[in-house]
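Novice: Here you go, this is start09.csv (CSV, C-alpha atoms).
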chain,number,residue,atom,x,y,z
A,7,MET,CA,-140.8,81.0,58.6
A,8,ALA,CA,-140.9,80.9,62.4
A,9,VAL,CA,-143.5,83.6,62.2
A,10,LEU,CA,-145.7,81.6,59.9
A,11,LEU,CA,-145.3,78.5,62.1
A,12,ALA,CA,-146.1,80.4,65.3
A,13,PHE,CA,-149.1,82.1,63.7
A,14,ILE,CA,-150.7,79.2,61.8
A,15,GLY,CA,-149.7,76.9,64.6
A,16,SER,CA,-151.5,78.9,67.3
A,17,LEU,CA,-154.6,79.3,65.1
A,18,THR,CA,-154.9,75.6,64.5
A,19,SER,CA,-153.9,74.2,67.9
A,20,GLY,CA,-156.6,73.2,70.3
A,21,THR,CA,-155.2,75.2,73.2
A,22,GLY,CA,-154.9,78.4,71.2
A,23,GLU,CA,-151.2,78.7,72.1
A,24,SER,CA,-148.2,78.9,69.8
A,25,PRO,CA,-146.4,75.6,69.3
A,26,LEU,CA,-143.1,77.5,69.9
A,27,LYS,CA,-143.1,79.1,73.3
A,28,PRO,CA,-141.7,82.6,74.0
A,29,VAL,CA,-138.5,81.4,75.6
A,30,GLN,CA,-137.9,78.9,72.8
A,31,LEU,CA,-138.5,81.6,70.2
A,32,LEU,CA,-135.9,83.8,72.0
A,33,TRP,CA,-133.4,81.0,71.8
A,34,VAL,CA,-134.3,80.3,68.1
A,35,ASN,CA,-133.8,84.0,67.4
A,36,LEU,CA,-130.4,84.0,69.2
A,37,ILE,CA,-129.0,81.0,67.3
A,38,MET,CA,-130.4,82.1,63.9
A,39,ASP,CA,-129.3,85.7,64.0
A,40,THR,CA,-126.5,86.3,66.5
A,41,MET,CA,-124.8,83.0,66.5
A,42,ALA,CA,-125.2,82.2,62.8
A,43,ALA,CA,-124.0,85.7,61.9
A,44,LEU,CA,-121.0,85.4,64.1
A,45,ALA,CA,-120.2,81.9,62.8
A,46,LEU,CA,-120.6,82.8,59.1
A,47,ALA,CA,-118.8,86.1,59.4
A,48,THR,CA,-115.7,84.5,60.7
A,49,GLU,CA,-115.3,82.3,57.6
A,50,GLU,CA,-111.9,82.5,56.0
A,51,PRO,CA,-111.9,83.9,52.4
A,52,THR,CA,-111.0,81.3,49.8
A,53,PRO,CA,-109.2,81.8,46.4
A,54,ASP,CA,-112.4,80.5,44.9
A,55,LEU,CA,-114.1,83.8,45.7
A,56,LEU,CA,-112.0,85.5,43.0
A,57,ASN,CA,-113.9,83.5,40.4
A,58,ARG,CA,-117.0,85.4,41.3
A,59,PRO,CA,-117.1,88.7,39.4
A,60,PRO,CA,-118.8,91.8,41.0
A,61,HIS,CA,-122.3,92.2,39.7
A,62,GLY,CA,-124.1,95.3,38.6
A,63,ARG,CA,-126.6,97.4,40.5
A,64,ASP,CA,-129.2,97.2,37.8
A,65,GLY,CA,-131.5,94.1,37.6
A,66,SER,CA,-130.0,92.1,40.3
A,67,GLY,CA,-130.0,93.4,43.9
A,68,LEU,CA,-127.7,92.6,46.7
A,69,ILE,CA,-129.5,89.3,47.1
A,70,THR,CA,-129.0,87.4,43.9
A,71,PRO,CA,-131.6,85.0,42.4
A,72,THR,CA,-129.3,82.2,43.5
A,73,MET,CA,-129.6,83.3,47.1
A,74,TRP,CA,-133.4,83.8,46.9
A,75,LYS,CA,-133.5,80.2,45.5
A,76,SER,CA,-131.6,78.9,48.5
A,77,VAL,CA,-133.6,80.9,51.0
A,78,PHE,CA,-137.0,79.8,49.6
A,79,GLY,CA,-135.9,76.2,48.9
A,80,GLN,CA,-134.9,75.8,52.6
A,81,ALA,CA,-138.0,77.6,53.8
A,82,ILE,CA,-140.3,75.4,51.8
A,83,PHE,CA,-138.5,72.3,53.0
A,84,GLN,CA,-138.7,73.4,56.6
A,85,LEU,CA,-142.4,74.4,56.4
A,86,ILE,CA,-143.2,70.9,55.0
A,87,VAL,CA,-141.2,69.2,57.7
A,88,ASN,CA,-142.5,71.3,60.6
A,89,PHE,CA,-146.2,71.1,59.6
A,90,THR,CA,-145.9,67.4,59.1
A,91,LEU,CA,-144.4,67.2,62.6
A,92,LEU,CA,-147.1,69.5,64.0
A,93,TYR,CA,-150.1,67.6,62.6
A,94,LYS,CA,-148.9,64.0,61.8
A,95,PHE,CA,-146.1,63.3,64.3
A,96,PRO,CA,-148.2,62.5,67.4
A,97,ALA,CA,-150.1,59.8,65.6
A,98,MET,CA,-147.0,58.3,64.1
A,99,TRP,CA,-144.8,58.4,67.2
A,100,GLY,CA,-147.6,57.8,69.8
A,101,VAL,CA,-147.4,61.0,71.8
A,102,GLU,CA,-150.1,63.4,72.9
A,103,GLN,CA,-151.1,66.0,70.4
A,104,ASP,CA,-149.8,69.4,71.6
A,105,GLY,CA,-148.4,67.7,74.7
A,106,VAL,CA,-145.1,68.8,76.1
A,107,LYS,CA,-143.3,65.9,74.5
A,108,HIS,CA,-144.7,66.6,71.1
A,109,LEU,CA,-143.8,70.3,71.3
A,110,THR,CA,-140.4,69.6,72.7
A,111,PHE,CA,-139.6,67.3,69.8
A,112,PHE,CA,-141.1,69.9,67.4
A,113,PHE,CA,-138.9,72.6,68.9
A,114,ASN,CA,-135.8,70.4,68.9
A,115,THR,CA,-136.2,69.4,65.2
A,116,PHE,CA,-136.8,73.1,64.3
A,117,VAL,CA,-133.5,74.0,65.9
A,118,MET,CA,-131.7,71.1,64.2
A,119,CYS,CA,-132.9,72.2,60.8
A,120,GLN,CA,-131.5,75.7,61.6
A,121,LEU,CA,-128.2,74.2,62.7
A,122,PHE,CA,-127.7,72.2,59.5
A,123,ASN,CA,-128.9,75.0,57.3
A,124,GLU,CA,-126.1,77.1,58.9
A,125,ILE,CA,-123.6,74.7,57.2
A,126,ASN,CA,-125.5,75.0,53.9
A,127,ALA,CA,-125.2,78.8,54.2
A,128,ARG,CA,-121.4,78.6,54.2
A,129,LYS,CA,-121.3,78.4,50.4
A,130,ILE,CA,-123.6,80.0,47.8
A,131,ASN,CA,-123.4,78.1,44.6
A,132,ASN,CA,-123.8,80.5,41.7
A,133,GLY,CA,-125.2,77.8,39.4
A,134,GLN,CA,-122.2,77.7,37.0
A,135,ARG,CA,-119.8,75.8,39.3
A,136,PRO,CA,-119.9,72.1,40.3
A,137,LEU,CA,-121.8,71.7,43.4
A,138,VAL,CA,-120.7,68.4,45.0
A,139,PRO,CA,-117.0,68.0,46.1
A,140,LEU,CA,-115.3,67.1,42.8
A,141,PRO,CA,-111.8,65.9,43.4
A,142,PHE,CA,-110.9,66.4,39.8
A,143,GLU,CA,-112.7,69.7,39.4
A,144,SER,CA,-110.0,71.8,37.9
A,145,ILE,CA,-107.4,69.1,36.9
A,146,SER,CA,-107.3,70.3,33.3
A,147,THR,CA,-106.4,73.9,34.2
A,148,ASN,CA,-104.2,73.1,37.2
A,149,LEU,CA,-100.8,73.5,35.6
A,150,PRO,CA,-98.6,72.6,38.6
A,151,PHE,CA,-100.6,69.4,39.0
A,152,GLN,CA,-99.9,68.4,35.4
A,153,GLN,CA,-96.2,69.1,35.6
A,154,LYS,CA,-95.7,66.9,38.6
B,14,MET,CA,-119.2,74.2,45.9
B,15,ASN,CA,-118.7,72.0,48.8
B,16,VAL,CA,-120.3,73.4,52.0
B,17,PHE,CA,-117.8,71.4,54.1
B,18,ALA,CA,-114.7,72.9,52.4
B,19,GLY,CA,-112.4,74.3,55.0
B,20,PHE,CA,-115.0,73.4,57.7
B,21,PHE,CA,-112.5,72.2,60.3
B,22,LYS,CA,-110.2,75.2,59.8
B,23,ASN,CA,-112.7,77.6,61.1
B,24,THR,CA,-112.6,77.0,64.9
B,25,THR,CA,-115.1,79.8,65.6
B,26,PHE,CA,-117.7,78.2,63.4
B,27,ILE,CA,-117.2,74.8,65.1
B,28,GLY,CA,-117.1,76.4,68.5
B,29,ILE,CA,-120.4,78.2,67.9
B,30,MET,CA,-122.0,75.0,66.5
B,31,VAL,CA,-120.9,73.0,69.5
B,32,PHE,CA,-122.0,75.7,71.9
B,33,THR,CA,-125.4,75.8,70.2
B,34,LEU,CA,-125.8,72.0,70.3
B,35,VAL,CA,-124.8,71.9,74.0
B,36,MET,CA,-127.1,74.7,74.9
B,37,GLN,CA,-129.9,73.1,73.0
B,38,TYR,CA,-129.3,69.8,74.9
B,39,VAL,CA,-129.4,71.7,78.2
B,40,ILE,CA,-132.5,73.6,77.3
B,41,VAL,CA,-134.4,70.5,76.2
B,42,GLN,CA,-133.2,68.1,78.9
B,43,PHE,CA,-133.1,70.4,81.9
B,44,GLY,CA,-135.1,73.5,80.8
B,45,GLY,CA,-138.2,72.1,82.4
B,46,GLU,CA,-141.0,74.6,83.2
B,47,PHE,CA,-139.0,77.7,82.1
B,48,THR,CA,-138.5,76.6,78.5
B,49,SER,CA,-141.7,74.4,78.4
B,50,THR,CA,-139.6,71.4,77.5
B,51,THR,CA,-139.3,67.8,78.6
B,52,PRO,CA,-136.3,65.5,78.3
B,53,LEU,CA,-136.3,63.6,75.0
B,54,THR,CA,-135.2,59.9,74.7
B,55,GLN,CA,-132.1,59.0,72.7
B,56,SER,CA,-134.1,57.7,69.7
B,57,GLU,CA,-136.1,61.0,69.7
B,58,TRP,CA,-132.8,62.9,69.6
B,59,LEU,CA,-131.5,60.8,66.8
B,60,LEU,CA,-134.7,61.2,64.8
B,61,SER,CA,-134.6,64.9,65.4
B,62,ILE,CA,-131.0,65.3,64.3
B,63,GLY,CA,-131.7,63.1,61.3
B,64,ILE,CA,-134.6,65.2,60.1
B,65,GLY,CA,-132.5,68.3,60.6
B,66,ALA,CA,-129.7,66.7,58.5
B,67,LEU,CA,-132.1,66.3,55.6
B,68,SER,CA,-131.5,70.1,55.0
B,69,LEU,CA,-128.1,69.1,53.6
B,70,PRO,CA,-129.3,67.0,50.6
B,71,VAL,CA,-132.2,69.4,50.2
B,72,ALA,CA,-129.8,72.2,49.7
B,73,VAL,CA,-127.8,70.2,47.1
B,74,ILE,CA,-131.1,69.6,45.2
B,75,VAL,CA,-132.0,73.2,45.4
B,76,LYS,CA,-128.6,74.2,44.1
B,77,LEU,CA,-129.2,72.1,41.0
B,78,ILE,CA,-132.0,74.4,39.9
B,79,PRO,CA,-130.5,76.8,37.4
B,80,THR,CA,-130.8,80.5,38.0
B,81,PRO,CA,-130.2,83.4,35.6
B,82,ALA,CA,-126.7,84.8,35.7
B,83,VAL,CA,-126.3,88.1,37.4
B,84,THR,CA,-125.5,91.1,35.2
B,85,PRO,CA,-121.8,91.9,35.6
B,86,ALA,CA,-120.8,95.3,37.0
B,87,PRO,CA,-119.8,97.8,34.3
B,88,VAL,CA,-116.0,98.4,34.2
B,89,LYS,CA,-115.3,101.9,35.3
B,90,LYS,CA,-112.6,104.1,34.0
B,91,GLU,CA,-109.8,105.2,36.2
B,92,CYS,CA,-110.4,108.6,37.6
B,93,VAL,CA,-108.3,111.4,36.2
B,94,PHE,CA,-106.3,112.9,39.0
B,95,PRO,CA,-105.9,116.6,38.0
B,96,ILE,CA,-109.7,117.0,37.3
B,97,ARG,CA,-111.0,114.8,40.1
B,98,VAL,CA,-109.2,116.2,43.1
B,99,PRO,CA,-110.1,119.9,42.8
B,100,PHE,CA,-113.6,118.9,42.0
B,101,LEU,CA,-113.9,116.9,45.2
B,102,LEU,CA,-112.3,119.7,47.2
B,103,LEU,CA,-114.7,122.3,45.9
B,104,SER,CA,-117.9,120.2,46.0
B,105,SER,CA,-117.2,118.9,49.5
B,106,PRO,CA,-119.3,120.2,52.4
B,107,PHE,CA,-116.0,120.6,54.2
B,108,PHE,CA,-114.9,123.3,51.7
B,109,PRO,CA,-115.0,126.1,54.3
B,110,LEU,CA,-112.8,123.9,56.5
B,111,PHE,CA,-110.2,123.6,53.7
B,112,LEU,CA,-110.3,127.3,53.3
B,113,PHE,CA,-109.8,127.7,57.0
B,114,CYS,CA,-106.9,125.3,57.0
B,115,ALA,CA,-105.3,127.2,54.2
B,116,GLY,CA,-105.6,130.2,56.5
B,117,PHE,CA,-108.2,132.0,54.4
B,118,PRO,CA,-110.1,134.3,56.8
B,119,ARG,CA,-107.0,136.1,58.0
B,120,ASP,CA,-107.5,137.8,61.2
B,121,ARG,CA,-105.5,140.9,62.1
Can you turn what I pasted into structure tokens?

Specialist:
Amino acid sequence: MAVLLAFIGSLTSGTGESPLKPVQLLWVNLIMDTMAALALATEEPTPDLLNRPPHGRDGSGLITPTMWKSVFGQAIFQLIVNFTLLYKFPAMWGVEQDGVKHLTFFFNTFVMCQLFNEINARKINNGQRPLVPLPFESISTNLPFQQK
Amino acid sequence: MNVFAGFFKNTTFIGIMVFTLVMQYVIVQFGGEFTSTTPLTQSEWLLSIGIGALSLPVAVIVKLIPTPAVTPAPVKKECVFPIRVPFLLLSSPFFPLFLFCAGFPRDR
């Protein structure tokens, strides 16, 4: 996604430069790979995980269709947001096209999207389970709860 | 599943998020020439964070799209001890080592 942005952005910008500068890309790379991996890898296992059966090697790879869906869903969303910011934001907010202010805001929003998506990545919904916090999710099967 | 479940129990996660945010603030506000940034106003920061936070509802909508269930892994039978172990010993590349440990090439 960042590659697409940097490539298309630099092709279409008036100055011929990438909207994300090298130092900024290094920072983006650091938070998306190193920091996010560190943060997500330290997640505590939950009893919920035991409801997920192991899946076979044939047909579905390590990355399940659900994961691909999440990856592409977020990528499409972020591409829409970022290209809108890149081409429409200066007129809307009254800043210079490809000026420092514009590109700083662009960079900052890009990083914010990554940060919030890091929270999204904490749980992968497998499509069969309720997705919003449901306080009464398993009330019918929760025996200790019924006995009280 | 709730993406915020157990969120505040994981101090490492929170620590990294806070560190990233603080560093991002420093880069944007004080990075200057080096990071090609200029300080943003408060409303610009809020707008930026707001747009970023849109990822959360987007993820909820994306998760509503059904996906095919993954094929479950076949249940394997337990290995049979008396057959399995000698086979592993014989087929292992360390077989000469086992022989050696058993004192096979006796010298003198």

Novice: Can you tell me, as an MDAnalysis selection string, what residues are no more than 10 Å from Ile29 (chain B) when counting all atoms listed in the file, ignoring any on the same chain fewer than 6 positions away?

Specialist: (chainID A and resid 37 41:42 44:46) or (chainID B and resid 35)

Novice: Which polymer residues, protein or nucleic acid, are no farther than 12 Å from (-144.5, 58.3, 67.8), counting all atoms listed in the file, as a ChimeraX atom specification?

Specialist: /A:91,94-103,107-108,111 /B:54,56-57,60

Novice: Set the cut-off to 8 Å and count all atoms listed in the file: what are the residues of chain B that reach chain A? Output as a compact mmCIF listing (two decimals) with C-alpha atoms, in the frame of the given file.

Specialist:
# COMPACT_ATOMS: atom_id res chain seq x y z
CA MET B 14 -119.20 74.20 45.90
CA ASN B 15 -118.70 72.00 48.80
CA VAL B 16 -120.30 73.40 52.00
CA PHE B 17 -117.80 71.40 54.10
CA ASN B 23 -112.70 77.60 61.10
CA THR B 25 -115.10 79.80 65.60
CA PHE B 26 -117.70 78.20 63.40
CA ILE B 29 -120.40 78.20 67.90
CA MET B 30 -122.00 75.00 66.50
CA THR B 33 -125.40 75.80 70.20
CA GLN B 37 -129.90 73.10 73.00
CA VAL B 41 -134.40 70.50 76.20
CA PHE B 47 -139.00 77.70 82.10
CA THR B 48 -138.50 76.60 78.50
CA SER B 49 -141.70 74.40 78.40
CA THR B 50 -139.60 71.40 77.50
CA THR B 51 -139.30 67.80 78.60
CA PRO B 52 -136.30 65.50 78.30
CA LEU B 53 -136.30 63.60 75.00
CA GLU B 57 -136.10 61.00 69.70
CA SER B 61 -134.60 64.90 65.40
CA ILE B 62 -131.00 65.30 64.30
CA ILE B 64 -134.60 65.20 60.10
CA GLY B 65 -132.50 68.30 60.60
CA ALA B 66 -129.70 66.70 58.50
CA LEU B 67 -132.10 66.30 55.60
CA SER B 68 -131.50 70.10 55.00
CA LEU B 69 -128.10 69.10 53.60
CA VAL B 71 -132.20 69.40 50.20
CA ALA B 72 -129.80 72.20 49.70
CA VAL B 73 -127.80 70.20 47.10
CA VAL B 75 -132.00 73.20 45.40
CA LYS B 76 -128.60 74.20 44.10
CA LEU B 77 -129.20 72.10 41.00
CA ILE B 78 -132.00 74.40 39.90
CA PRO B 79 -130.50 76.80 37.40
CA THR B 80 -130.80 80.50 38.00
CA PRO B 81 -130.20 83.40 35.60
CA ALA B 82 -126.70 84.80 35.70
CA VAL B 83 -126.30 88.10 37.40
CA THR B 84 -125.50 91.10 35.20
CA PRO B 85 -121.80 91.90 35.60
CA ALA B 86 -120.80 95.30 37.00
CA PRO B 87 -119.80 97.80 34.30

Novice: Between CA of Met36 (chain B) and CA of Gln55 (chain B), what is the distance, to one decimal in Å?

Specialist: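 Distance reported for this atom pair: 16.6 Å.
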
Novice: Report, in Å to a single decimal, how far apart CA of Thr40 (chain A) and CA of Thr90 (chain A) are.

Specialist: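 Atom-to-atom, CA of Thr90 (chain A) and CA of Thr40 (chain A) are spaced 28.1 Å apart.
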
Novice: Just how far from CA of Ala18 (chain B) is CA of Asn57 (chain A), in Å to one decimal?

Specialist: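 Interatomic distance here is 16.0 Å.
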